Each structure stands twice: as structure tokens, then as C-alpha cells.
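Structure below is model02.csv: CSV, C-alpha atoms.
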```csv
chain,number,residue,atom,x,y,z
A,1166,MET,CA,23.9,-41.0,60.9
A,1167,THR,CA,22.0,-42.6,58.1
A,1168,ALA,CA,20.5,-39.3,57.2
A,1169,THR,CA,23.8,-37.4,57.4
A,1170,THR,CA,25.9,-39.8,55.3
A,1171,PRO,CA,23.9,-39.3,52.1
A,1172,ARG,CA,24.0,-35.5,52.5
A,1173,SER,CA,27.7,-35.6,53.1
A,1174,ALA,CA,28.3,-37.7,50.1
A,1175,GLU,CA,26.1,-35.4,48.0
A,1176,ARG,CA,28.0,-32.4,49.2
A,1177,ARG,CA,31.3,-34.0,48.3
A,1178,ALA,CA,30.0,-34.8,44.9
A,1179,LEU,CA,28.9,-31.3,44.3
A,1180,GLU,CA,32.2,-29.9,45.5
A,1181,LYS,CA,34.1,-32.2,43.2
A,1182,ALA,CA,31.9,-31.2,40.3
A,1183,ALA,CA,32.4,-27.6,41.0
A,1184,HIS,CA,36.1,-28.1,41.3
A,1185,ARG,CA,36.2,-29.9,37.9
A,1186,ARG,CA,34.2,-27.0,36.3
A,1187,GLY,CA,36.6,-24.4,37.7
A,1188,VAL,CA,39.7,-26.3,36.6
A,1189,ARG,CA,38.2,-26.8,33.1
A,1190,ALA,CA,37.2,-23.1,32.8
A,1191,VAL,CA,40.6,-21.8,33.8
A,1192,ALA,CA,42.5,-24.3,31.6
A,1193,TRP,CA,40.5,-23.6,28.5
A,1194,TYR,CA,40.7,-19.9,29.1
A,1195,PHE,CA,44.5,-20.0,29.2
A,1196,ILE,CA,44.9,-22.4,26.3
A,1197,GLY,CA,42.5,-20.5,24.1
A,1198,GLY,CA,43.8,-17.1,25.2
A,1199,THR,CA,47.4,-18.1,24.7
A,1200,TRP,CA,46.8,-19.5,21.2
A,1201,TYR,CA,44.5,-16.6,20.2
A,1202,VAL,CA,47.4,-14.2,20.7
A,1203,GLY,CA,49.9,-17.0,19.8
A,1204,VAL,CA,48.7,-17.2,16.2
A,1205,TRP,CA,49.7,-13.6,15.7
A,1206,PHE,CA,53.0,-14.4,17.4
A,1207,TRP,CA,53.8,-17.2,14.9
A,1208,LEU,CA,52.7,-15.1,11.9
A,1209,ILE,CA,55.0,-12.3,13.0
A,1210,ALA,CA,57.8,-14.7,13.9
A,1211,LEU,CA,57.7,-16.5,10.5
A,1212,ALA,CA,57.6,-13.1,8.7
A,1213,ILE,CA,60.7,-11.9,10.7
A,1214,GLY,CA,62.4,-15.2,9.9
A,1215,ALA,CA,61.8,-14.8,6.2
A,1216,LEU,CA,63.1,-11.3,6.4
A,1217,VAL,CA,66.2,-12.3,8.2
A,1218,LEU,CA,66.8,-15.1,5.6
A,1219,TRP,CA,66.3,-12.6,2.7
A,1220,ILE,CA,68.8,-10.2,4.3
A,1221,MET,CA,71.4,-12.9,4.8
A,1222,LEU,CA,71.0,-14.1,1.2
A,1223,ARG,CA,71.5,-10.5,0.0
A,1224,ASN,CA,74.7,-10.4,2.0
A,1225,ASP,CA,75.7,-13.9,1.0
A,1226,ASP,CA,76.1,-15.0,4.6
A,1227,VAL,CA,73.4,-17.6,5.4
A,1228,SER,CA,73.2,-19.0,8.9
A,1229,ILE,CA,70.6,-21.4,10.2
A,1230,GLU,CA,70.8,-20.0,13.7
A,1231,GLY,CA,69.9,-16.5,12.4
A,1232,VAL,CA,66.5,-17.8,11.2
A,1233,GLY,CA,66.0,-20.4,13.9
A,1234,GLY,CA,66.5,-17.9,16.7
A,1235,VAL,CA,63.1,-16.4,15.9
A,1236,ALA,CA,61.3,-19.7,16.6
A,1237,GLY,CA,63.3,-20.1,19.8
A,1238,SER,CA,61.7,-16.9,21.1
A,1239,ALA,CA,58.4,-18.8,21.8
A,1240,LYS,CA,59.3,-19.5,25.4
A,1241,PHE,CA,59.8,-15.8,26.0
A,1242,PHE,CA,56.4,-15.1,24.6
A,1243,LEU,CA,54.9,-17.6,26.9
A,1244,PHE,CA,56.8,-16.1,29.9
A,1245,VAL,CA,55.1,-12.7,29.1
A,1246,MET,CA,51.7,-14.4,28.7
A,1247,GLY,CA,52.2,-16.1,32.0
A,1248,ILE,CA,52.5,-12.7,33.6
A,1249,LEU,CA,49.6,-11.1,31.9
A,1250,LEU,CA,46.8,-13.7,31.9
A,1251,PRO,CA,46.7,-14.5,35.7
A,1252,LEU,CA,46.4,-10.8,36.5
A,1253,MET,CA,43.3,-10.7,34.3
A,1254,THR,CA,41.6,-13.8,35.7
A,1255,ILE,CA,42.4,-14.7,39.4
A,1256,ALA,CA,40.0,-12.2,41.0
A,1257,LEU,CA,37.2,-13.1,38.6
A,1258,HIS,CA,37.7,-16.8,39.2
A,1259,VAL,CA,37.3,-16.5,42.9
A,1260,ALA,CA,34.4,-14.0,42.6
A,1261,ALA,CA,32.6,-16.6,40.4
A,1262,GLY,CA,32.9,-19.2,43.2
A,1263,GLY,CA,36.2,-20.8,42.2
A,1264,THR,CA,38.9,-21.7,44.7
A,1265,ARG,CA,42.6,-21.2,44.7
A,1266,ARG,CA,43.0,-25.0,44.4
A,1267,SER,CA,40.9,-25.2,41.2
A,1268,TYR,CA,42.7,-22.1,39.9
A,1269,THR,CA,46.1,-23.6,40.5
A,1270,HIS,CA,45.1,-26.9,38.8
A,1271,GLY,CA,43.7,-25.0,35.9
A,1272,LEU,CA,46.9,-23.1,35.5
A,1273,TRP,CA,49.0,-26.3,35.6
A,1274,ILE,CA,46.9,-27.8,32.8
A,1275,GLY,CA,46.8,-24.6,30.8
A,1276,ALA,CA,50.6,-24.1,31.1
A,1277,ALA,CA,51.3,-27.8,30.2
A,1278,VAL,CA,49.0,-27.9,27.1
A,1279,SER,CA,50.0,-24.5,25.9
A,1280,GLY,CA,53.7,-25.1,26.5
A,1281,LEU,CA,53.7,-28.5,24.8
A,1282,THR,CA,51.8,-27.3,21.8
A,1283,PHE,CA,54.1,-24.3,21.4
A,1284,GLY,CA,57.0,-26.7,21.8
A,1285,ILE,CA,55.6,-28.8,19.0
A,1286,ALA,CA,55.2,-25.7,16.8
A,1287,THR,CA,58.7,-24.6,17.6
A,1288,ALA,CA,60.1,-28.1,16.7
A,1289,LEU,CA,58.2,-28.2,13.4
A,1290,VAL,CA,59.4,-24.7,12.4
A,1291,ARG,CA,63.0,-25.7,13.2
A,1292,TRP,CA,62.5,-28.9,11.2
A,1293,ALA,CA,61.1,-27.0,8.2
A,1294,GLU,CA,64.0,-24.6,8.4
A,1295,TRP,CA,66.5,-27.5,8.5
A,1296,ALA,CA,64.8,-29.2,5.6
A,1297,LEU,CA,64.9,-25.9,3.6
A,1298,PHE,CA,68.6,-25.3,4.3
A,1299,ARG,CA,69.5,-28.9,3.5
A,1300,GLN,CA,67.5,-28.8,0.2
A,1301,ALA,CA,69.1,-25.5,-0.8
A,1302,GLY,CA,72.6,-26.7,0.1
A,1303,TRP,CA,73.1,-24.1,2.8
A,1304,PRO,CA,75.0,-25.0,6.0
A,1305,THR,CA,72.8,-26.7,8.6
A,1306,GLU,CA,75.4,-26.6,11.4
A,1307,GLN,CA,74.2,-24.6,14.5
A,1308,ASP,CA,76.4,-21.9,15.9
A,1309,LEU,CA,74.9,-22.5,19.4
A,1310,THR,CA,75.3,-25.9,21.0
A,1311,GLN,CA,72.0,-27.7,21.6
A,1312,LEU,CA,71.0,-30.9,23.2
A,1313,TYR,CA,69.8,-32.0,19.8
A,1314,ALA,CA,72.3,-32.0,16.9
A,1315,ASP,CA,70.1,-30.5,14.2
A,1316,GLY,CA,66.6,-30.0,13.0
A,1317,SER,CA,66.3,-33.7,11.9
A,1318,GLU,CA,65.8,-34.9,15.6
A,1319,VAL,CA,62.2,-33.9,15.8
A,1320,GLY,CA,61.3,-36.0,18.8
A,1321,LEU,CA,64.1,-34.7,20.9
A,1322,MET,CA,63.4,-31.1,19.8
A,1323,ILE,CA,59.8,-31.5,20.9
A,1324,LEU,CA,60.9,-32.7,24.4
A,1325,VAL,CA,63.4,-29.9,24.7
A,1326,GLU,CA,61.4,-27.0,23.3
A,1327,GLY,CA,58.2,-28.3,25.0
A,1328,THR,CA,59.9,-28.4,28.4
A,1329,PHE,CA,61.3,-24.9,27.9
A,1330,CYS,CA,57.9,-23.5,26.9
A,1331,VAL,CA,56.1,-25.1,29.9
A,1332,VAL,CA,58.7,-24.0,32.5
A,1333,TYR,CA,58.9,-20.4,31.2
A,1334,TYR,CA,55.1,-20.2,31.2
A,1335,LEU,CA,54.9,-21.4,34.8
A,1336,ALA,CA,57.7,-19.0,35.8
A,1337,GLY,CA,55.8,-16.1,34.4
A,1338,MET,CA,52.8,-17.2,36.4
A,1339,VAL,CA,54.8,-17.2,39.5
A,1340,VAL,CA,56.1,-13.7,38.8
A,1341,ALA,CA,52.5,-12.5,38.3
A,1342,ALA,CA,51.2,-14.1,41.4
A,1343,GLY,CA,54.2,-12.9,43.5
A,1344,PHE,CA,53.7,-9.2,42.6
A,1345,TYR,CA,49.9,-9.5,42.8
A,1346,GLY,CA,49.9,-11.0,46.3
A,1347,PHE,CA,53.1,-10.0,48.1
A,1348,GLY,CA,54.1,-6.5,46.8
A,1349,PHE,CA,57.3,-5.3,45.2
A,1350,LEU,CA,60.0,-6.5,47.5
A,1351,ARG,CA,58.8,-10.0,48.1
A,1352,GLY,CA,57.7,-10.1,44.4
A,1353,VAL,CA,61.3,-9.5,43.4
A,1354,LEU,CA,62.4,-12.4,45.5
A,1355,LEU,CA,59.8,-14.6,43.8
A,1356,VAL,CA,61.1,-13.4,40.4
A,1357,VAL,CA,64.5,-14.8,41.4
A,1358,ALA,CA,63.0,-18.0,42.7
A,1359,SER,CA,61.0,-18.5,39.4
A,1360,LEU,CA,64.0,-17.8,37.3
A,1361,ALA,CA,65.9,-20.4,39.4
A,1362,THR,CA,63.5,-23.1,38.1
A,1363,VAL,CA,64.2,-21.9,34.5
A,1364,VAL,CA,67.9,-22.1,35.1
A,1365,VAL,CA,67.5,-25.8,36.3
A,1366,SER,CA,65.9,-26.7,33.0
A,1367,GLU,CA,68.3,-24.6,30.9
A,1368,VAL,CA,71.4,-26.2,32.6
A,1369,PHE,CA,70.2,-29.8,32.3
A,1370,LEU,CA,68.9,-29.3,28.7
A,1371,ARG,CA,72.0,-27.2,27.9
A,1372,SER,CA,70.3,-25.4,25.1
A,1373,GLY,CA,69.9,-21.8,24.2
A,1374,PHE,CA,72.2,-18.8,24.7
A,1375,PHE,CA,73.4,-19.5,28.2
A,1376,GLY,CA,72.2,-23.1,29.0
A,1377,HIS,CA,75.3,-24.8,27.6
A,1378,ALA,CA,77.7,-22.4,29.2
A,1379,LEU,CA,76.1,-22.9,32.6
A,1380,SER,CA,76.1,-26.7,32.2
A,1381,ARG,CA,79.8,-26.6,31.6
A,1382,VAL,CA,80.4,-24.5,34.7
A,1383,VAL,CA,78.5,-27.0,36.9
A,1384,GLY,CA,79.9,-30.1,35.1
A,1385,LEU,CA,76.6,-31.2,33.5
A,1386,ASP,CA,77.5,-30.8,29.8
A,1387,GLY,CA,78.3,-34.5,29.4
A,1388,THR,CA,75.1,-35.9,30.8
A,1389,PRO,CA,73.2,-38.5,28.7
A,1390,VAL,CA,70.1,-37.3,26.9
A,1391,TRP,CA,67.7,-39.2,29.2
A,1392,LEU,CA,69.2,-37.6,32.3
A,1393,ALA,CA,69.2,-34.2,30.7
A,1394,VAL,CA,65.5,-34.5,29.9
A,1395,LEU,CA,64.7,-35.6,33.5
A,1396,GLY,CA,66.6,-32.6,34.8
A,1397,GLY,CA,64.7,-30.3,32.5
A,1398,LEU,CA,61.4,-31.8,33.7
A,1399,ALA,CA,62.6,-31.3,37.3
A,1400,GLY,CA,62.6,-27.6,36.6
A,1401,VAL,CA,59.0,-27.8,35.4
A,1402,VAL,CA,58.0,-29.6,38.6
A,1403,LEU,CA,59.7,-27.1,40.8
A,1404,ALA,CA,58.0,-24.2,39.0
A,1405,ALA,CA,54.6,-25.9,39.4
A,1406,LEU,CA,55.1,-26.5,43.1
A,1407,LEU,CA,56.4,-22.9,43.6
A,1408,LEU,CA,53.2,-21.6,41.8
A,1409,ARG,CA,51.0,-23.6,44.2
A,1410,PHE,CA,52.9,-22.3,47.2
A,1411,VAL,CA,52.6,-18.7,46.1
A,1412,LEU,CA,48.9,-18.9,45.2
A,1413,ARG,CA,48.0,-20.5,48.5
A,1414,GLY,CA,49.1,-17.3,50.3
A,1415,VAL,CA,47.7,-14.8,47.8
A,1416,ALA,CA,45.0,-12.3,49.1
A,1417,ILE,CA,42.5,-12.0,46.2
A,1418,ARG,CA,41.6,-8.5,45.1
A,1419,PRO,CA,40.7,-6.8,41.8
A,1420,VAL,CA,43.5,-5.6,39.6
A,1421,GLU,CA,43.1,-2.1,38.2
A,1422,PHE,CA,45.7,-1.8,35.4
A,1423,ALA,CA,44.9,1.9,34.7
A,1424,GLY,CA,45.2,2.8,38.4
A,1425,THR,CA,48.4,0.9,38.8
A,1426,ALA,CA,49.9,2.5,35.7
A,1427,SER,CA,48.9,6.1,36.7
A,1428,ALA,CA,50.3,5.5,40.3
```

Could the structure of this file be written out as C-alpha cells, please?
Amino acid sequence: MTATTPRSAERRALEKAAHRRGVRAVAWYFIGGTWYVGVWFWLIALAIGALVLWIMLRNDDVSIEGVGGVAGSAKFFLFVMGILLPLMTIALHVAAGGTRRSYTHGLWIGAAVSGLTFGIATALVRWAEWALFRQAGWPTEQDLTQLYADGSEVGLMILVEGTFCVVYYLAGMVVAAGFYGFGFLRGVLLVVASLATVVVSEVFLRSGFFGHALSRVVGLDGTPVWLAVLGGLAGVVLAALLLRFVLRGVAIRPVEFAGTASA
């Protein structure tokens, strides 16, 4: 017993160290990969926003929503990245000695950090847009109803946009893991399940193109801000738990993009 106990403790310490290394490697890969491509996303988004503003000025019909909608597309970019990156990494992670548990935890951290930083970037772009419109004397009222009144509420914007970015990123990961591990039919069902977590956040935060309309249908359009934020975070938690559930049942195998495309 005295000889076994130190060996067991040493084994557990090695397993914990390996788990931390795996989590750290996955998290950094997703954060770095997201922002490596994300820099180009923001450069293109800002260029498109400037072009939209120029066109509206030429037509003498300036709308803050026409420019701000470009920044709001960050969550859709993260949804796509959530689909692509797991397909490129899951088999390599396991082949290198990682576990599904370390991979899942790394995805959670990667999605949280990437989503929150993209949310901050979105809020800053919307604030800069609001400040520009206010300085130029253009109308700053939004056509679409949001949880925040305008771009001056930076803190609330960060909460709303950060929550959206995280839940959309996690939903994309669920879609990728679903089709990767369960085939087409069950993958489609998991797409529906992942979008349900997005709808939870959209309804409570009542922001975007359909969030406010859905919140009115279910009677949540008058909820206080603190409850709306908690409801939005509930969508994030549901997406994270769904991702863990899906990854626990995934059979790991290489992904051959060229073969899949040709088939």
C-alpha cells in the first residue's frame, strides 16, 4: 500500500498535467486561429461599412443601421469558424494523446475568449459609429430594436454582443461535431438543437433581426435587463453542455476534405 500510493499520486499528477497541456493547446489554437482569420474579417467589414456609408451619403439617406449591420455579422463569422476549426483539429488532438475531455474544455475556453473579444470589438465599432454619426449630426436612432438603446451603452453592448458571439461559436462547434460523428440525418437534428440554444439567447436579449420579434411572441419583450442577460447566458450554457454531450459520443477518425467534396 505504501508503495502503491505514491505511484498512484504520481500518475494522477501526470494525467492532470497532460490534461492541462491539452486544454491549453486547443484553446490557444482556436483563439489564435480565429483571430488570424478574424483580422481580415474586420478589415473587410470596416471597408464594407465605409462603402455603405459613402453610398448612403451619395443618396442623401444616412442610416446608422446600414453601417452597424456589418459589425453585427461577427457572430455569423464565428458560427462558420466554429464549424471549420473542429473538423481540422479533433483527430489530430486525439492522435497526439489528447482526450475528448481536454478537447471539450479547450473548445469551451477558445469559444469564450474568442467570442468575448469579438463582442468587445463589435461594441467598440458600434460605439465609434455612434460617435461619428452624433458628431456629424446624422440620426443615431436604430431601425431595429435592441436591448441597448444606442451605441453609447458600451458596457451593455459588450454583454449582448459578447454573449451572441460565444453562443454562435459554440453552436457552430456542435454542428461540426454532429456531422463529424453522427452522419447526415442525426447531424441535421443536432443543427436544430444547436440553433435552439441560439434562439434562447436571441429571445432573451431581443436583439438582431428576429430576436425582438420572437421575444414579443413569447412575452419576454418587457423583461428587465438583468433577466435578459441571464437568459442570454443560459443559451451559452446550454450550447456548452450540448457540445460536451455530442463530443462524448464521437468516434474519432481523420477528416478528408477533398474526398468528402468529390464524393

Taking all atoms listed in the file into account, which of A:Leu1252, A:Leu1385, A:Ala1361, A:Leu1211 comes nearest Arg1291 of chain A?
A:Leu1211

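Minimum atom-to-atom distances from A:Ala1210, A:Val1353, A:Ala1286, A:Leu1312 to Val1390 of chain A were compared using only C-alpha atoms, and the lowest value belongs to A:Leu1312.
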
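Atom CA of Gly1275 of chain A sits 4.4 Å away from atom CA of Ala1192 of chain A.
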
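Distances here use all atoms listed in the file; by that measure, the residue among A:Phe1242, A:Phe1347, A:Trp1391, A:Trp1295 closest to Gly1414 of chain A is A:Phe1347.
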
Which residue out of A:Val1217, A:Leu1321, A:Phe1410, A:Gln1311 has the minimum interatomic distance to His1377 of chain A when all atoms listed in the file are used?
A:Gln1311

Counting all atoms listed in the file, which residue out of A:Ala1404, A:Val1319, A:Leu1398, A:Val1356 sits closest to Phe1369 of chain A?
A:Leu1398

Around the point (59.1, -21.3, 38.4), in the coordinates given by the file, pick out the residues reaching within 8 Å, counting all atoms listed in the file, and return them as a tab-separated table (two decimals) with C-alpha atoms, keeping the file's coordinate frame.
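Result file follows (selection.tsv):
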```tsv
chain	number	residue	atom	x	y	z
A	1332	VAL	CA	58.70	-24.00	32.50
A	1333	TYR	CA	58.90	-20.40	31.20
A	1335	LEU	CA	54.90	-21.40	34.80
A	1336	ALA	CA	57.70	-19.00	35.80
A	1337	GLY	CA	55.80	-16.10	34.40
A	1338	MET	CA	52.80	-17.20	36.40
A	1339	VAL	CA	54.80	-17.20	39.50
A	1358	ALA	CA	63.00	-18.00	42.70
A	1359	SER	CA	61.00	-18.50	39.40
A	1360	LEU	CA	64.00	-17.80	37.30
A	1361	ALA	CA	65.90	-20.40	39.40
A	1362	THR	CA	63.50	-23.10	38.10
A	1363	VAL	CA	64.20	-21.90	34.50
A	1400	GLY	CA	62.60	-27.60	36.60
A	1401	VAL	CA	59.00	-27.80	35.40
A	1403	LEU	CA	59.70	-27.10	40.80
A	1404	ALA	CA	58.00	-24.20	39.00
A	1405	ALA	CA	54.60	-25.90	39.40
A	1407	LEU	CA	56.40	-22.90	43.60
A	1408	LEU	CA	53.20	-21.60	41.80
```

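The space between atom CA of Ala1178 of chain A and atom CA of Val1402 of chain A spans 29.2 Å.
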
For the atom pair atom CA of Phe1283 of chain A and atom CA of Ala1399 of chain A, what is the interatomic distance in Å to one decimal place?
19.3 Å

In terms of only C-alpha atoms, the residue from A:Leu1406, A:Leu1370, A:Ala1261, A:Leu1355 at minimal distance from Arg1186 of chain A is A:Ala1261

Near Ala1288 of chain A, within 7 Å and counting all atoms listed in the file, which residues show up once chain neighbours fewer than 3 positions away are dropped, as a PDB file with C-alpha atoms, in the frame of the given file?
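As a result, part_26.pdb now contains:
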```pdb
ATOM      1  CA  GLY A1284      57.000 -26.700  21.800  1.00  0.00           C
ATOM      2  CA  ILE A1285      55.600 -28.800  19.000  1.00  0.00           C
ATOM      3  CA  ARG A1291      63.000 -25.700  13.200  1.00  0.00           C
ATOM      4  CA  TRP A1292      62.500 -28.900  11.200  1.00  0.00           C
ATOM      5  CA  VAL A1319      62.200 -33.900  15.800  1.00  0.00           C
ATOM      6  CA  MET A1322      63.400 -31.100  19.800  1.00  0.00           C
ATOM      7  CA  ILE A1323      59.800 -31.500  20.900  1.00  0.00           C
ATOM      8  CA  GLU A1326      61.400 -27.000  23.300  1.00  0.00           C
TER       9      GLU A1326
END
```

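Around segment 1196-1198 of chain A, within 8 Å and counting all atoms listed in the file, the residues found are Gly1275, Ala1276, Val1278 and Ser1279 of chain A, once anything fewer than 6 positions away on its own chain is removed.
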
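Excluding Arg1266 of chain A and any residue on its chain fewer than 5 positions from it, the residues at most 10 Å away by all atoms listed in the file are His1184, Gly1187, Val1188, Gly1271, Leu1272, Arg1409, Leu1412 and Arg1413 of chain A.
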
Can you pull out every residue within 7 Å of Thr1305 of chain A, counting all atoms listed in the file, but drop anything in the same chain fewer than 2 positions away, and send it as a list of chain:residue names?
A:Ile1229, A:Trp1295, A:Phe1298, A:Arg1299, A:Trp1303, A:Gln1307
